[in-house]
Every structure is written in C-alpha cells, then in structure tokens.
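Encoded as structure tokens, the structure appears first; notes follow it.
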Amino acid sequence: QVQLKESGGGLVQAGGSLRLSCVASANILSKAVTGWYRQVPGKQRDLVASITRGDTTNYADSVKGRFTISRDNDKNTVYLQMDSLKPEDTAVYYCNAKLFLANYWGQGTQVTVSS
C-alpha cells in the first residue's frame, strides 16, 4: 500500500509563505496525477492545485498567482509553495495521488494564517 506523507504546515501571518511537501513511499508521483486539496471543518474537500505526469498544472481560481505546485521525481516528492497567504487559506491540506484506478491520500497538514 502506497503511503503519502505531508509536512510543512504551520502558523504564519497573513502575507507570509509556507512550502508543503508530500513524499510518497513508492515511486508513483512521476506517473500519477498529484494534487493538493484543502478542507475546513464542515465543508467539502476542495482541489487547490494539481500536476500531471506531463507537468501540466491546474489551480483553483482563489490561489492562482499565489501558489505553485511542483514535483521532484528523484525525491518522490510534490511541493506546494504558498505565497501571499491569506486568513481564508487556513485549512487542513491533503496530498492526493491518482494512478490508474488507485486513489491515495495523505493524512493532512494544518495551515493556519493569522490576520
């Protein structure tokens, strides 16, 4: 069973930056569609950014121009660089990888942006 592990969350002031990392236990991220999702209590989990194995990226309108998703195949890691953070970015951020019929999730990392 492939495991995904997120890290890099924390508390930051509005306008600050964080970089999230998602490491896979197997070499799948270069082959998968990998995405970062976020969820706040009582709401659905929403896609923030994704990257395909061909490096095509996609972003939610709310983060375009502020967040950047990237991948390091040698390290089996996907990153989410988050700049100009806003209080409304506060959420638990989850890494997801879709490969054929498999759908893998990490356990999430909390991001809190104070005003």
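If you're wondering about the labels, chains in the structure tokens are A, B, ... by order shown, residues count from 1 in each chain, ligands from 1 in order shown.
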- If we count only C-alpha atoms, what is near Lys98 (chain A) at a cut-off of 6 Å, once residues fewer than 4 positions away on the same chain are taken out, given as a ChimeraX atom specification? /A:32-33,102-103
So that I can check the surroundings of Ala24 (chain A), please list as a compact mmCIF listing (two decimals) with all heavy atoms, in the first residue's frame every protein, DNA and RNA residue that reaches within 7 Å of it, counting only C-alpha atoms and ignoring chain neighbours fewer than 2 positions away.
# COMPACT_ATOMS: atom_id res chain seq x y z
N VAL A 2 0.65 2.11 -0.96
CA VAL A 2 1.44 3.35 -1.05
C VAL A 2 0.97 4.31 0.03
O VAL A 2 -0.23 4.46 0.28
CB VAL A 2 1.27 3.99 -2.43
CG1 VAL A 2 1.97 5.33 -2.48
CG2 VAL A 2 1.80 3.05 -3.52
N GLN A 3 1.92 4.95 0.66
CA GLN A 3 1.60 5.96 1.66
C GLN A 3 2.11 7.32 1.21
O GLN A 3 3.19 7.42 0.62
CB GLN A 3 2.21 5.60 3.01
CG GLN A 3 1.61 4.34 3.62
CD GLN A 3 2.15 4.04 4.99
OE1 GLN A 3 3.26 4.44 5.33
NE2 GLN A 3 1.37 3.34 5.80
N LEU A 4 1.31 8.34 1.50
CA LEU A 4 1.70 9.72 1.24
C LEU A 4 1.84 10.43 2.58
O LEU A 4 0.98 10.28 3.45
CB LEU A 4 0.66 10.45 0.39
CG LEU A 4 0.32 9.84 -0.97
CD1 LEU A 4 -0.75 10.68 -1.67
CD2 LEU A 4 1.55 9.72 -1.83
N LYS A 5 2.89 11.22 2.72
CA LYS A 5 3.14 11.93 3.97
C LYS A 5 3.37 13.40 3.69
O LYS A 5 4.31 13.75 2.99
CB LYS A 5 4.35 11.33 4.68
CG LYS A 5 4.75 12.05 5.96
CD LYS A 5 3.69 11.93 7.03
CE LYS A 5 4.17 12.56 8.33
NZ LYS A 5 3.08 12.55 9.37
N CYS A 22 4.99 16.65 0.01
CA CYS A 22 4.28 15.38 0.02
C CYS A 22 5.23 14.31 -0.51
O CYS A 22 5.61 14.36 -1.69
CB CYS A 22 3.03 15.46 -0.84
SG CYS A 22 2.20 13.87 -1.10
N ALA A 26 6.44 5.05 -2.41
CA ALA A 26 6.84 4.34 -3.62
C ALA A 26 6.97 5.33 -4.76
O ALA A 26 6.45 6.45 -4.68
CB ALA A 26 5.83 3.26 -3.97
N ASN A 27 7.64 4.90 -5.81
CA ASN A 27 7.92 5.80 -6.93
C ASN A 27 6.70 5.88 -7.85
O ASN A 27 6.67 5.29 -8.91
CB ASN A 27 9.13 5.30 -7.70
CG ASN A 27 9.50 6.24 -8.82
OD1 ASN A 27 9.11 7.41 -8.83
ND2 ASN A 27 10.23 5.73 -9.80
N ASN A 76 10.68 11.60 -5.10
CA ASN A 76 9.28 11.14 -4.96
C ASN A 76 8.46 12.13 -4.15
O ASN A 76 7.68 11.77 -3.25
CB ASN A 76 9.23 9.77 -4.25
CG ASN A 76 9.85 8.68 -5.08
OD1 ASN A 76 9.76 8.70 -6.30
ND2 ASN A 76 10.47 7.73 -4.43
N THR A 77 8.63 13.41 -4.45
CA THR A 77 8.03 14.46 -3.65
C THR A 77 7.33 15.49 -4.54
O THR A 77 7.84 15.85 -5.60
CB THR A 77 9.11 15.18 -2.80
OG1 THR A 77 9.76 14.22 -1.97
CG2 THR A 77 8.49 16.26 -1.93
- Task: From chain A, collect each residue whose DSSP state is helix (DSSP H, G or I) and return the set as a list in words.
- Result: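 Answer for chain A, restricted to helix (DSSP H, G or I): Asn73, Asp74, Lys75, Pro87, Glu88 and Asp89 of chain A.
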For the residues selected in the previous step, produce a file with C-alpha atoms as a PDB file, in the first residue's frame.
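Output file out29.pdb is given in full below:
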ATOM      1  CA  ASN A  73      10.858  12.875  -9.324  1.00  0.00           C
ATOM      2  CA  ASP A  74      14.190  11.885  -7.792  1.00  0.00           C
ATOM      3  CA  LYS A  75      12.797  12.521  -4.309  1.00  0.00           C
ATOM      4  CA  PRO A  87      -6.561  34.030   6.516  1.00  0.00           C
ATOM      5  CA  GLU A  88      -9.021  32.298   4.190  1.00  0.00           C
ATOM      6  CA  ASP A  89      -6.250  29.872   3.217  1.00  0.00           C
TER       7      ASP A  89
END
- Nearest to Thr56 (chain A) among A:Pro41, A:Ala97, A:Thr34, A:Tyr104, with distances taken over only C-alpha atoms: which residue is it? A:Thr34
- Fewer than 5 positions away in the same chain doesn't count, so skip those; otherwise give me all residues within 10 Å of Leu20 (chain A), counting only C-alpha atoms, as a ChimeraX atom specification. /A:6-10,36,69,78-82,93-95,109,111
- Task: Point out the residue among A:Lys31, A:Arg53, A:Arg45, A:Arg19 with the least atom-to-atom distance to Arg66 (chain A), counting only C-alpha atoms.
- Result: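 Of A:Lys31, A:Arg53, A:Arg45, A:Arg19, the one nearest Arg66 (chain A) is A:Arg19, counting only C-alpha atoms.
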- Note on the structure: From the list A:Asn96, A:Thr57, A:Ala14, A:Leu85, the nearest residue to Gly35 (chain A) using only C-alpha atoms is A:Asn96
- Message: Using DSSP assignments from the backbone, pull out every residue in chain A that falls under strand (DSSP E) and give it to me as a ChimeraX atom specification.
- Response: /A:4-7,10-13,18-24,33-39,46-51,57-59,67-72,77-82,91-99,102-105,109-114
